[in-house]
Amino acid sequence: MSKKYNNFCFFKQKIVKKKGTQMLDQQEEFELLLRDKKEDYHIFPGDQLYEAIVNQVEHIKYIHKLEGLLDEILAETHVTYSLNVDPQELYYDETFELFKHLKKYNKNLKIELTEHLPYKRDGDYVTEFPLEQVIKLFELGYEIVLDDFLSGINGIDKLVILSPFISRIKISKLTFNKKISDVMFSSFVNEISKLVQEVNPNLSFVIEAEEKKEIIENLSDDWFYQTYFFDKPSILR
């Protein structure tokens with residue numbers, strides 16, 4: 001395994017209902033946040049992760065590191081974690097070997113499909129989406145989440161196409177910062193939530209990165225939230 005992945009680790013951040021920091025009537029849940037240790041601090045390893053995603057030789061090494069980390073985390077927990085997966089990774093065999101290996105933990109691991117356009121694949125870059133591969137993950141028993149809804153390739157058309165195979169939609173306030181007002185954001189996400197429910201009433205809805213108390217207080221009690229307002233990321237040991 002390449003030394004560039006030696007210091008990779010995961011932080012965690014809670015996904016909660018609005019009333020408190022425990023999800024009501026559900027298993028406690030966190031998102032796994034990939035970090036790289038640099039001396040006495042941790043950073044998101046953007047450059048290394050990009051290289052691992054676009055280069056399959058590097059990706060195999062990266063997946064080997066993830067397997068060790070996830071085995072250790074999932075074997076010792078009864079909570080649920082969600083893990084970001086780039087659509088490009090769904091075109092690599094080793095990704096599915098990893099999730100087949102982790103299948104015994106599939107009730108404790110959700111897969112979040114990021115919004116990034118696959119870098120290397122056959123077909124039209126505008127229209128193609130790895131639907132067949134998403135269905136394979138679904139058939140392995142994993143819950144699948146559409147991350148950063150309305151960003152990148154995760155548009156409304158993907159919501160409609162994927163609705164039988166996903167359990168949740170996440171929408172990030174960061175996508176809309178400095179673009180629309182707080183009032184407009186509140187109105188907007190309420191309308192988007194209605195759309196999601198019309199497409200599939202069983203889908204849950206998550207707001208990420210909204211930190212303002214007055215905004216959160218005016219949003220739905222039925223939604224989930226992943227925000228510094230409720231929980232700051234902390235390292236998994």
# chains A, B, ... in the order shown; residues from 1 in each chain; ligands from 1
$ residues_around --residues "A:Asp93" --least-positions-apart "2" --cutoff "12 Å" --atoms "only C-alpha atoms" --output "PyMOL selection string"
chain A and resi 56-57+59-60+63+88-91+95-100+133+136
$ residues_around --residues "A:Lys12" --least-positions-apart "2" --cutoff "9 Å" --atoms "only C-alpha atoms" --output "PDB file with all heavy atoms, in the first residue's frame"
ATOM      1  N   PHE A  10     -10.669   8.463   9.834  1.00  0.00           N
ATOM      2  CA  PHE A  10     -12.014   9.009   9.728  1.00  0.00           C
ATOM      3  C   PHE A  10     -12.361   9.851  10.948  1.00  0.00           C
ATOM      4  O   PHE A  10     -12.072   9.464  12.086  1.00  0.00           O
ATOM      5  CB  PHE A  10     -13.055   7.897   9.593  1.00  0.00           C
ATOM      6  CG  PHE A  10     -13.177   7.327   8.213  1.00  0.00           C
ATOM      7  CD1 PHE A  10     -12.843   6.000   7.966  1.00  0.00           C
ATOM      8  CD2 PHE A  10     -13.623   8.113   7.163  1.00  0.00           C
ATOM      9  CE1 PHE A  10     -12.958   5.460   6.693  1.00  0.00           C
ATOM     10  CE2 PHE A  10     -13.744   7.587   5.889  1.00  0.00           C
ATOM     11  CZ  PHE A  10     -13.402   6.259   5.654  1.00  0.00           C
ATOM     12  N   LYS A  14     -22.449  13.694  13.713  1.00  0.00           N
ATOM     13  CA  LYS A  14     -23.788  13.154  13.895  1.00  0.00           C
ATOM     14  C   LYS A  14     -24.772  13.674  12.856  1.00  0.00           C
ATOM     15  O   LYS A  14     -24.708  14.823  12.426  1.00  0.00           O
ATOM     16  CB  LYS A  14     -24.332  13.501  15.290  1.00  0.00           C
ATOM     17  CG  LYS A  14     -23.707  12.683  16.402  1.00  0.00           C
ATOM     18  CD  LYS A  14     -24.329  13.045  17.748  1.00  0.00           C
ATOM     19  CE  LYS A  14     -23.700  12.222  18.864  1.00  0.00           C
ATOM     20  NZ  LYS A  14     -24.261  12.563  20.184  1.00  0.00           N
ATOM     21  N   PHE A  30     -23.876   8.617  12.142  1.00  0.00           N
ATOM     22  CA  PHE A  30     -22.815   9.573  11.868  1.00  0.00           C
ATOM     23  C   PHE A  30     -22.418   9.469  10.397  1.00  0.00           C
ATOM     24  O   PHE A  30     -22.492   8.399   9.796  1.00  0.00           O
ATOM     25  CB  PHE A  30     -21.573   9.286  12.706  1.00  0.00           C
ATOM     26  CG  PHE A  30     -21.786   9.311  14.195  1.00  0.00           C
ATOM     27  CD1 PHE A  30     -22.284   8.195  14.857  1.00  0.00           C
ATOM     28  CD2 PHE A  30     -21.477  10.443  14.926  1.00  0.00           C
ATOM     29  CE1 PHE A  30     -22.472   8.208  16.227  1.00  0.00           C
ATOM     30  CE2 PHE A  30     -21.660  10.468  16.301  1.00  0.00           C
ATOM     31  CZ  PHE A  30     -22.154   9.354  16.957  1.00  0.00           C
ATOM     32  N   GLU A  31     -21.928  10.592   9.836  1.00  0.00           N
ATOM     33  CA  GLU A  31     -21.235  10.511   8.563  1.00  0.00           C
ATOM     34  C   GLU A  31     -19.747  10.345   8.837  1.00  0.00           C
ATOM     35  O   GLU A  31     -19.186  10.980   9.737  1.00  0.00           O
ATOM     36  CB  GLU A  31     -21.450  11.753   7.701  1.00  0.00           C
ATOM     37  CG  GLU A  31     -20.713  11.622   6.359  1.00  0.00           C
ATOM     38  CD  GLU A  31     -20.951  12.761   5.392  1.00  0.00           C
ATOM     39  OE1 GLU A  31     -21.788  13.632   5.679  1.00  0.00           O
ATOM     40  OE2 GLU A  31     -20.294  12.766   4.338  1.00  0.00           O
ATOM     41  N   LEU A  32     -19.105   9.490   8.046  1.00  0.00           N
ATOM     42  CA  LEU A  32     -17.662   9.321   8.110  1.00  0.00           C
ATOM     43  C   LEU A  32     -16.998  10.371   7.232  1.00  0.00           C
ATOM     44  O   LEU A  32     -17.328  10.506   6.045  1.00  0.00           O
ATOM     45  CB  LEU A  32     -17.266   7.925   7.626  1.00  0.00           C
ATOM     46  CG  LEU A  32     -17.694   6.760   8.519  1.00  0.00           C
ATOM     47  CD1 LEU A  32     -17.447   5.430   7.821  1.00  0.00           C
ATOM     48  CD2 LEU A  32     -16.958   6.800   9.857  1.00  0.00           C
ATOM     49  N   LEU A  33     -16.063  11.116   7.807  1.00  0.00           N
ATOM     50  CA  LEU A  33     -15.371  12.202   7.105  1.00  0.00           C
ATOM     51  C   LEU A  33     -13.902  11.831   6.978  1.00  0.00           C
ATOM     52  O   LEU A  33     -13.192  11.726   7.978  1.00  0.00           O
ATOM     53  CB  LEU A  33     -15.524  13.513   7.876  1.00  0.00           C
ATOM     54  CG  LEU A  33     -16.965  13.918   8.211  1.00  0.00           C
ATOM     55  CD1 LEU A  33     -16.982  15.109   9.163  1.00  0.00           C
ATOM     56  CD2 LEU A  33     -17.743  14.241   6.947  1.00  0.00           C
ATOM     57  N   LEU A  34     -13.430  11.617   5.751  1.00  0.00           N
ATOM     58  CA  LEU A  34     -12.060  11.194   5.524  1.00  0.00           C
ATOM     59  C   LEU A  34     -11.079  12.327   5.815  1.00  0.00           C
ATOM     60  O   LEU A  34     -11.281  13.462   5.370  1.00  0.00           O
ATOM     61  CB  LEU A  34     -11.890  10.732   4.079  1.00  0.00           C
ATOM     62  CG  LEU A  34     -10.548  10.086   3.727  1.00  0.00           C
ATOM     63  CD1 LEU A  34     -10.378   8.762   4.467  1.00  0.00           C
ATOM     64  CD2 LEU A  34     -10.428   9.878   2.220  1.00  0.00           C
ATOM     65  N   TYR A  81     -23.114   4.296  10.201  1.00  0.00           N
ATOM     66  CA  TYR A  81     -22.243   5.263   9.561  1.00  0.00           C
ATOM     67  C   TYR A  81     -22.604   5.387   8.088  1.00  0.00           C
ATOM     68  O   TYR A  81     -23.068   4.425   7.470  1.00  0.00           O
ATOM     69  CB  TYR A  81     -20.771   4.832   9.676  1.00  0.00           C
ATOM     70  CG  TYR A  81     -20.219   4.874  11.075  1.00  0.00           C
ATOM     71  CD1 TYR A  81     -20.002   3.709  11.790  1.00  0.00           C
ATOM     72  CD2 TYR A  81     -19.911   6.088  11.683  1.00  0.00           C
ATOM     73  CE1 TYR A  81     -19.491   3.746  13.076  1.00  0.00           C
ATOM     74  CE2 TYR A  81     -19.406   6.134  12.973  1.00  0.00           C
ATOM     75  CZ  TYR A  81     -19.197   4.960  13.661  1.00  0.00           C
ATOM     76  OH  TYR A  81     -18.697   5.002  14.942  1.00  0.00           O
ATOM     77  N   LYS A 232     -19.922  18.871  16.378  1.00  0.00           N
ATOM     78  CA  LYS A 232     -18.672  19.142  15.665  1.00  0.00           C
ATOM     79  C   LYS A 232     -17.987  17.824  15.356  1.00  0.00           C
ATOM     80  O   LYS A 232     -17.992  16.893  16.166  1.00  0.00           O
ATOM     81  CB  LYS A 232     -17.754  20.022  16.521  1.00  0.00           C
ATOM     82  CG  LYS A 232     -18.284  21.422  16.761  1.00  0.00           C
ATOM     83  CD  LYS A 232     -17.313  22.241  17.601  1.00  0.00           C
ATOM     84  CE  LYS A 232     -17.854  23.649  17.830  1.00  0.00           C
ATOM     85  NZ  LYS A 232     -16.938  24.477  18.654  1.00  0.00           N
ATOM     86  N   PRO A 233     -17.391  17.689  14.164  1.00  0.00           N
ATOM     87  CA  PRO A 233     -16.698  16.441  13.817  1.00  0.00           C
ATOM     88  C   PRO A 233     -15.626  16.100  14.844  1.00  0.00           C
ATOM     89  O   PRO A 233     -14.921  16.966  15.360  1.00  0.00           O
ATOM     90  CB  PRO A 233     -16.084  16.748  12.456  1.00  0.00           C
ATOM     91  CG  PRO A 233     -16.950  17.826  11.878  1.00  0.00           C
ATOM     92  CD  PRO A 233     -17.371  18.656  13.044  1.00  0.00           C
ATOM     93  N   SER A 234     -15.505  14.811  15.133  1.00  0.00           N
ATOM     94  CA  SER A 234     -14.485  14.337  16.075  1.00  0.00           C
ATOM     95  C   SER A 234     -13.859  13.077  15.511  1.00  0.00           C
ATOM     96  O   SER A 234     -14.493  12.332  14.759  1.00  0.00           O
ATOM     97  CB  SER A 234     -15.105  14.046  17.447  1.00  0.00           C
ATOM     98  OG  SER A 234     -16.141  13.095  17.328  1.00  0.00           O
ATOM     99  N   ILE A 235     -12.609  12.830  15.882  1.00  0.00           N
ATOM    100  CA  ILE A 235     -11.881  11.703  15.317  1.00  0.00           C
ATOM    101  C   ILE A 235     -12.394  10.388  15.885  1.00  0.00           C
ATOM    102  O   ILE A 235     -12.803  10.304  17.053  1.00  0.00           O
ATOM    103  CB  ILE A 235     -10.367  11.855  15.570  1.00  0.00           C
ATOM    104  CG1 ILE A 235      -9.571  10.846  14.736  1.00  0.00           C
ATOM    105  CG2 ILE A 235     -10.041  11.720  17.057  1.00  0.00           C
ATOM    106  CD1 ILE A 235      -8.090  11.103  14.714  1.00  0.00           C
ATOM    107  N   LEU A 236     -12.438   9.371  15.015  1.00  0.00           N
ATOM    108  CA  LEU A 236     -12.781   8.016  15.454  1.00  0.00           C
ATOM    109  C   LEU A 236     -11.503   7.328  15.890  1.00  0.00           C
ATOM    110  O   LEU A 236     -10.546   7.243  15.124  1.00  0.00           O
ATOM    111  CB  LEU A 236     -13.404   7.246  14.297  1.00  0.00           C
ATOM    112  CG  LEU A 236     -14.925   7.311  14.183  1.00  0.00           C
ATOM    113  CD1 LEU A 236     -15.340   6.801  12.813  1.00  0.00           C
ATOM    114  CD2 LEU A 236     -15.583   6.499  15.266  1.00  0.00           C
TER     115      LEU A 236
END
$ residues_around --residues "A:Leu69" --least-positions-apart "2" --cutoff "12 Å" --atoms "only C-alpha atoms" --output "VMD selection string"
chain A and resid 5 to 11 32 34 to 35 62 to 67 71 to 76 83 98 102 236 to 237
$ atom_distance --atom1 "atom CA of A:Ile135" --atom2 "atom CA of A:Glu28"
25.9 Å
$ closest_atom_pairs --of "stretch 52-128 of chain A" --to "stretch 162-168 of chain A" --cutoff "10 Å" --atoms "only C-alpha atoms" --output "tab-separated table"
residue	atom	partner	partner_atom	distance
A:Lys110	CA	A:Ser167	CA	9.3
A:Ile111	CA	A:Ile166	CA	9.5
A:Glu112	CA	A:Arg168	CA	9.1
A:Leu113	CA	A:Ile166	CA	9.8
$ select_by_dssp --residues "stretch 22-236 of chain A" --states "strand (DSSP E)" --output "compact mmCIF listing (two decimals) with C-alpha atoms, in the first residue's frame"
# COMPACT_ATOMS: atom_id res chain seq x y z
CA GLU A 29 -25.96 7.78 13.04
CA PHE A 30 -22.82 9.57 11.87
CA GLU A 31 -21.24 10.51 8.56
CA LEU A 32 -17.66 9.32 8.11
CA LEU A 33 -15.37 12.20 7.10
CA LEU A 34 -12.06 11.19 5.52
CA ARG A 35 -9.00 13.01 6.88
CA ASP A 36 -5.21 12.82 6.58
CA LYS A 37 -3.01 13.46 9.62
CA LYS A 38 -0.34 16.11 9.10
CA TYR A 41 -3.57 18.44 12.73
CA HIS A 42 -5.89 16.76 10.21
CA ILE A 43 -6.97 17.90 6.75
CA THR A 80 -24.86 3.54 11.67
CA TYR A 81 -22.24 5.26 9.56
CA SER A 82 -22.54 6.76 6.10
CA LEU A 83 -19.62 6.79 3.66
CA ASN A 84 -19.10 9.01 0.61
CA VAL A 85 -18.51 7.16 -2.66
CA LEU A 109 -23.25 1.31 6.69
CA LYS A 110 -25.00 3.66 4.27
CA ILE A 111 -23.44 4.70 0.97
CA GLU A 112 -23.64 8.36 -0.06
CA LEU A 113 -23.32 8.95 -3.80
CA GLU A 143 -29.02 1.86 2.05
CA ILE A 144 -28.06 4.42 -0.59
CA VAL A 145 -28.15 8.19 -0.14
CA LEU A 146 -28.14 10.87 -2.85
CA ARG A 168 -32.47 9.58 1.61
CA ILE A 169 -31.71 12.92 -0.02
CA LYS A 170 -29.12 15.34 1.40
CA ILE A 171 -28.99 19.00 0.48
CA SER A 172 -26.13 21.26 1.56
CA SER A 204 -35.94 11.01 4.36
CA PHE A 205 -34.52 14.51 3.95
CA VAL A 206 -31.26 15.85 5.41
CA ILE A 207 -30.01 19.45 5.62
CA GLU A 208 -26.23 19.84 5.83
CA PHE A 224 -32.56 15.30 9.74
CA TYR A 225 -29.63 17.67 10.19
CA GLN A 226 -25.86 17.37 9.88
CA SER A 234 -14.49 14.34 16.07
CA ILE A 235 -11.88 11.70 15.32
$ atom_distance --atom1 "atom CA of A:Tyr105" --atom2 "atom CA of A:Tyr142"
9.0 Å
